[in-house]
Every structure is written in structure tokens, then in C-alpha cells.
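One file, query-v9.cif, is given below (mmCIF, C-alpha atoms).
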```cif
data_run
loop_
_atom_site.label_atom_id
_atom_site.label_comp_id
_atom_site.auth_asym_id
_atom_site.auth_seq_id
_atom_site.Cartn_x
_atom_site.Cartn_y
_atom_site.Cartn_z
CA MET A 91 0.00 0.00 0.00
CA SER A 92 3.01 2.31 -0.04
CA TRP A 93 2.23 3.09 -3.70
CA LEU A 94 -1.14 4.52 -2.60
CA LYS A 95 0.56 6.70 -0.01
CA THR A 96 2.93 7.91 -2.72
CA LEU A 97 -0.01 8.47 -5.05
CA ILE A 98 -1.81 10.69 -2.55
CA ILE A 99 1.29 12.60 -1.46
CA GLU A 100 2.76 13.19 -4.93
CA THR A 101 -0.42 14.05 -6.77
CA ASP A 102 -2.20 16.45 -4.48
CA TYR A 103 -2.09 20.19 -5.02
CA THR A 104 1.64 20.24 -4.30
CA THR A 105 2.34 18.76 -7.74
CA MET A 106 2.16 22.27 -9.16
CA VAL A 107 5.84 22.97 -9.63
CA ASP A 108 6.93 26.53 -10.20
CA LEU A 109 10.44 26.28 -11.57
CA ASN A 110 12.40 28.00 -14.28
CA LEU A 111 13.86 24.94 -15.98
CA THR A 112 15.93 25.05 -19.13
CA LEU A 113 16.03 22.56 -21.97
CA GLU A 114 18.97 20.70 -20.46
CA ASP A 115 17.15 20.21 -17.14
CA ILE A 116 14.04 18.63 -18.57
CA ALA A 117 14.99 15.60 -20.62
CA GLN A 118 11.73 13.98 -19.48
CA TYR A 119 9.87 16.56 -21.58
CA ASP A 120 11.24 15.32 -24.89
CA TRP A 121 7.66 15.13 -26.20
CA MET A 122 7.53 18.94 -26.17
CA ASN A 123 8.93 21.10 -28.95
CA LEU A 124 10.95 23.50 -26.85
CA GLU A 125 12.88 26.18 -28.67
CA GLU A 126 16.43 27.07 -27.69
CA GLY A 127 16.26 29.24 -24.57
CA GLU A 128 12.56 28.57 -23.97
CA GLU A 129 11.89 28.00 -20.29
CA ILE A 130 9.14 26.14 -18.47
CA GLN A 131 7.36 28.52 -16.13
CA LEU A 132 4.91 26.04 -14.62
CA ARG A 133 4.19 22.33 -14.90
CA ALA A 134 1.52 20.26 -13.22
CA HIS A 135 -0.58 17.15 -13.20
CA PRO A 136 -4.29 17.44 -12.43
CA SER A 137 -5.01 17.28 -8.73
CA ILE A 138 -6.05 13.94 -7.31
CA ILE A 139 -8.05 15.57 -4.52
CA PRO A 140 -11.39 15.53 -6.41
CA HIS A 141 -10.95 11.78 -6.90
CA LEU A 142 -10.43 10.89 -3.23
CA PRO A 143 -14.05 9.72 -2.73
CA GLN A 144 -13.66 7.34 -5.70
CA ILE A 145 -10.36 6.10 -4.31
CA GLY A 146 -12.09 5.51 -0.96
CA ILE A 147 -14.81 3.44 -2.65
CA GLY A 148 -12.11 1.47 -4.46
CA LEU A 149 -10.28 0.79 -1.20
CA ILE A 150 -13.51 -0.32 0.49
CA ALA A 151 -14.19 -2.71 -2.39
CA ILE A 152 -10.66 -4.13 -2.17
CA LEU A 153 -10.98 -4.51 1.60
CA ALA A 154 -14.37 -6.19 1.24
CA GLY A 155 -12.84 -8.57 -1.29
CA PHE A 156 -10.39 -9.67 1.40
CA VAL A 157 -12.67 -9.54 4.45
CA ILE A 158 -15.72 -11.41 3.11
CA PRO A 159 -13.76 -14.68 2.63
CA ILE A 160 -12.58 -14.43 6.25
CA PHE A 161 -16.21 -14.55 7.38
CA TYR A 162 -16.73 -17.68 5.31
CA TRP A 163 -16.31 -19.77 8.42
CA VAL A 164 -18.47 -17.53 10.58
CA ASP A 165 -22.26 -17.55 10.56
CA PHE A 166 -22.26 -13.76 10.28
CA LEU A 167 -22.90 -13.62 6.54
CA PRO A 168 -26.07 -14.67 4.78
CA GLN A 169 -25.86 -18.11 3.20
CA GLU A 170 -25.97 -16.63 -0.34
CA LEU A 171 -22.71 -14.72 0.12
CA LYS A 172 -20.79 -17.47 1.88
CA TYR A 173 -20.28 -19.55 -1.22
CA LYS A 174 -19.92 -16.79 -3.82
CA ALA A 175 -16.17 -16.62 -4.32
CA GLY A 176 -16.78 -14.83 -7.61
CA PHE A 177 -18.43 -11.99 -5.72
CA THR A 178 -15.35 -11.32 -3.59
CA ILE A 179 -13.04 -11.58 -6.58
CA ALA A 180 -15.25 -9.13 -8.48
CA LEU A 181 -15.13 -6.68 -5.56
CA PHE A 182 -11.35 -6.88 -5.46
CA ILE A 183 -11.03 -6.41 -9.24
CA PHE A 184 -13.55 -3.55 -9.26
CA GLY A 185 -11.72 -1.67 -6.51
CA SER A 186 -8.32 -2.25 -8.07
CA LEU A 187 -9.43 -1.11 -11.52
CA MET A 188 -11.08 2.00 -10.06
CA ILE A 189 -7.89 3.09 -8.29
CA ILE A 190 -5.61 2.19 -11.21
CA SER A 191 -7.77 4.10 -13.70
CA ILE A 192 -7.73 7.24 -11.53
CA TYR A 193 -3.99 6.97 -11.06
CA LEU A 194 -3.39 6.58 -14.80
CA ARG A 195 -5.73 9.45 -15.67
CA VAL A 196 -3.98 11.82 -13.27
CA LYS A 197 -0.40 10.76 -13.96
CA SER A 198 -0.80 10.65 -17.74
CA THR A 199 -2.03 14.25 -18.02
CA PHE A 200 0.44 17.13 -18.04
CA PHE A 201 -0.09 20.88 -18.08
CA VAL A 202 3.00 22.85 -19.04
CA PHE A 203 3.26 26.63 -19.30
CA THR A 204 6.44 27.89 -20.95
CA ASP A 205 7.37 31.48 -21.65
CA ASP A 206 6.11 31.01 -25.24
CA LYS A 207 3.24 28.51 -25.19
CA LEU A 208 0.81 26.38 -23.25
CA VAL A 209 0.94 22.59 -23.65
CA ARG A 210 -1.48 19.90 -22.49
CA LYS A 211 -0.61 16.27 -23.00
CA ARG A 212 -2.79 13.26 -22.29
CA HIS A 213 -1.64 9.74 -22.96
CA ILE A 214 -3.18 6.52 -21.82
CA PHE A 215 -4.02 4.56 -24.96
CA ARG A 216 -3.31 7.35 -27.42
CA ILE A 217 -1.24 10.48 -27.18
CA ASP A 218 -3.12 13.76 -27.38
CA THR A 219 -0.78 16.76 -27.25
CA ARG A 220 -2.14 20.26 -27.67
CA GLU A 221 0.31 23.16 -28.00
CA THR A 222 -1.03 26.68 -28.15
CA PRO A 223 1.30 29.64 -28.58
CA TYR A 224 0.35 32.58 -26.40
CA SER A 225 0.21 34.75 -29.54
CA LYS A 226 -2.89 32.80 -30.65
CA VAL A 227 -4.70 32.96 -27.31
CA GLN A 228 -7.59 35.42 -27.54
CA ASP A 229 -9.29 34.75 -24.24
CA PHE A 230 -8.92 32.58 -21.18
CA GLU A 231 -10.67 32.08 -17.89
CA TYR A 232 -10.46 30.06 -14.77
CA LYS A 233 -13.42 28.88 -12.76
CA GLN A 234 -13.66 27.63 -9.21
CA SER A 235 -16.66 26.43 -7.26
CA ILE A 236 -16.73 26.93 -3.51
CA ALA A 237 -15.36 23.42 -2.95
CA GLN A 238 -12.65 24.01 -5.56
CA ARG A 239 -11.63 27.25 -3.84
CA ILE A 240 -11.23 25.38 -0.57
CA LEU A 241 -9.14 22.69 -2.32
CA ASN A 242 -7.23 25.29 -4.42
CA ILE A 243 -8.03 23.65 -7.75
CA GLY A 244 -10.01 24.83 -10.74
CA ILE A 245 -10.76 24.76 -14.44
CA VAL A 246 -8.72 26.80 -16.92
CA SER A 247 -10.29 27.33 -20.37
CA ILE A 248 -8.53 28.74 -23.44
CA TRP A 249 -10.00 30.31 -26.59
CA THR A 250 -7.79 30.92 -29.62
CA ALA A 251 -8.06 32.91 -32.82
CA GLY A 252 -10.20 31.15 -35.41
CA SER A 253 -11.90 28.73 -33.04
CA SER A 254 -15.66 28.80 -32.64
CA GLY A 255 -15.61 27.52 -29.06
CA LYS A 256 -13.13 26.64 -26.36
CA GLU A 257 -9.84 25.51 -27.80
CA PHE A 258 -9.33 23.33 -24.78
CA GLN A 259 -10.06 23.05 -21.11
CA MET A 260 -7.79 21.91 -18.31
CA ASN A 261 -9.68 20.36 -15.39
CA ASP A 262 -8.52 20.01 -11.78
CA VAL A 263 -5.63 22.43 -12.28
CA PRO A 264 -3.77 22.98 -9.01
CA ASN A 265 -3.51 26.68 -8.14
CA PRO A 266 -5.46 28.02 -11.14
CA LYS A 267 -4.78 31.62 -10.08
CA LYS A 268 -1.10 31.07 -10.80
CA ALA A 269 -1.89 29.55 -14.20
CA ASN A 270 -4.17 32.51 -14.91
CA LYS A 271 -1.39 34.93 -13.95
CA ILE A 272 1.04 33.28 -16.34
CA LEU A 273 -1.53 33.50 -19.11
CA SER A 274 -2.08 37.18 -18.26
CA ASP A 275 1.65 37.92 -18.27
CA TYR A 276 2.44 36.22 -21.57
CA THR A 277 -0.64 37.02 -23.69
#
```
Let me see whether you can do it: turn the structure in this file into C-alpha cells.
Amino acid sequence: MSWLKTLIIETDYTTMVDLNLTLEDIAQYDWMNLEEGEEIQLRAHPSIIPHLPQIGIGLIAILAGFVIPIFYWVDFLPQELKYKAGFTIALFIFGSLMIISIYLRVKSTFFVFTDDKLVRKRHIFRIDTRETPYSKVQDFEYKQSIAQRILNIGIVSIWTAGSSGKEFQMNDVPNPKKANKILSDYT
């Protein structure tokens, strides 16, 4: 379970990293087309905080998958559940898949703000990279509900020249005020 502890610690709102990194420092960002001298101003994964209730349900399902067989020998459970090994296996698989899917969704999404462009990358089964130079950004906004304000996360939306609607939207962005400030400074 140490991986779950790491998951919660590494992917909460503290994953918003505010560093001025150069091209040499960020070999892990080889999927980005960084120009010579271009610096990353901000990088982040979506926050995992909004997914904590789902992770809790997944953990309860995993725990139930282990605990129900223990009560097999006790007359505590109804007769129908005592002999349903498939039920406990299904609970365990359901809980595991729920947690793994959340982890993959959060860890496979990147938001990167450089001093020249905004990049969002998603990759689970296919890679979806969206680069938008600040020169093409016409409008942007960030939204936060009351709960999102308390958790310091939000939604950042971008509109570009020539698009009829939102160019793209970044959900569960940690510290959206900081992302909004960078957009304000560079557009």
C-alpha cells in the first residue's frame, strides 16, 4: 500500500511545480517542442483531490474482497454470500481497476506553461498533445466552485483565434490563479 501513499502525497495540489527549468534540465519533456532558450514557467498534473471519494470506494471494495472470505467460516454472513467466491473476486477487481484508472488518468495528463506557449498532454491509450502559442490565445478564464476554492483547484479554459468555441479546457488544475497569472503575463 506504499504506492497509494505515494499516489496521494505526490499528486495532491503540491504537484504544481513553479520552476524555471531550461532545456537541459528537462529531458523527461522530450515530447515537447521547446525552442532554444525557452523555459518552463509552470508544470503540473491534475489534482487527485477531487478523486479521493472514488479512491475511498475502491479501497472499500478491495478490503471487502479480502474480508468477506474471512467470514466464510463464521455464521455472520447470509448463506448466499458465503459460497460466492466470484463476488469477492469481483469486488477486489472492481476496486483495483477503479484506483488504477484514476492513477493513470492523473499521472498521464500534463499541463506545461512555458514562456512562449501552453501545452497539455494526455496519454493513456493514445497520445493527445495540444500546444497553443500565447500569440494565438484570444481569451482565457479560470473557474472555481466553492469546494474548488477550498481545495485550491479549478478549471482553466482557453480560446484561440479562429476557433468557434473553447480551444481546450484543463480540469482540476492545481492553483489556477497562478496559471491565470502566467496567461495574463504572456498574452
Could you state which residues are captured by the PyMOL selection byres ((chain A and resi 213-226) around 8) in this file, as a ChimeraX atom specification? /A:194-195,198-199,206-212,227-228,250-251,273,276-277
Test item: residues at most 7 Å from stretch 141-149 of chain A, all atoms listed in the file, excluding those fewer than 4 positions along its chain, as a list in words: Leu153, Gly185, Ser186, Met188 and Ile189 of chain A
Counting all atoms listed in the file, what is within 8 Å of A:Asn261, bar same-chain residues fewer than 5 positions away, as a PDB file with C-alpha atoms, in the frame of the given file?
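Listing of selection-v8.pdb after writing:
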```pdb
ATOM      1  CA  PRO A 136      -4.290  17.440 -12.430  1.00  0.00           C
ATOM      2  CA  GLY A 244     -10.010  24.830 -10.740  1.00  0.00           C
ATOM      3  CA  ILE A 245     -10.760  24.760 -14.440  1.00  0.00           C
ATOM      4  CA  VAL A 246      -8.720  26.800 -16.920  1.00  0.00           C
TER       5      VAL A 246
END
```
Nearest to A:Ser191, chosen from A:Ala154, A:Ile138, A:Leu132, A:Met260, with all atoms listed in the file counted in the distances: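 Between A:Ala154, A:Ile138, A:Leu132, A:Met260, the residue approaching A:Ser191 most closely is A:Ile138.
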At what distance in Å, to one decimal, does atom CA of A:Val196 lie from atom CA of A:Asn270? 20.8 Å
So which residues get picked by the PyMOL selection byres ((chain A and resi 231-238) around 9) here, written as a VMD selection string? chain A and resid 140 229 to 230 239 to 249 262 266 to 267 269 to 270
Six-sided padding of 4 Å per side, axis-aligned box over stretch 243-251 of chain A, centre and edges in Å, one decimal, as lines of an AutoDock Vina configuration file:
```
center_x = -9.3
center_y = 28.3
center_z = -20.3
size_x = 11.0
size_y = 17.3
size_z = 33.1
```
Between atom CA of A:Ala151 and atom CA of A:Ala180 - distance in Å to one decimal: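 The value is 8.9 Å.
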Applied to the shown file, which residues does the PyMOL selection byres ((chain A and resi 133) around 6) return, written as a list in words? Val107, Leu132, Ala134, Phe201 and Val202 of chain A
Selection from above, C-alpha atoms, as a PDB file, keeping the file's coordinate frame, can you write it?
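Writing the result to out.pdb gives the following:
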```pdb
ATOM      1  CA  VAL A 107       5.840  22.970  -9.630  1.00  0.00           C
ATOM      2  CA  LEU A 132       4.910  26.040 -14.620  1.00  0.00           C
ATOM      3  CA  ALA A 134       1.520  20.260 -13.220  1.00  0.00           C
ATOM      4  CA  PHE A 201      -0.090  20.880 -18.080  1.00  0.00           C
ATOM      5  CA  VAL A 202       3.000  22.850 -19.040  1.00  0.00           C
TER       6      VAL A 202
END
```
As an exercise, work out the distance from atom CA of A:Val157 to atom CA of A:Phe182 in Å and give it to one decimal place.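 Value for the atom CA of A:Val157-atom CA of A:Phe182 distance: 10.3 Å.
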Ranking A:Ile139, A:Ile130, A:Ile272, A:Ile158 by minimum distance to A:Phe177 and counting only C-alpha atoms, which one comes first?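 Looking at the shortest contact to A:Phe177, the residue is A:Ile158.
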Closest of A:Ser137, A:Lys268, A:Asn123, A:Val263 to A:Tyr193 - atom-to-atom distances counting only C-alpha atoms: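 Smallest separation from A:Tyr193 among the options: A:Ser137.
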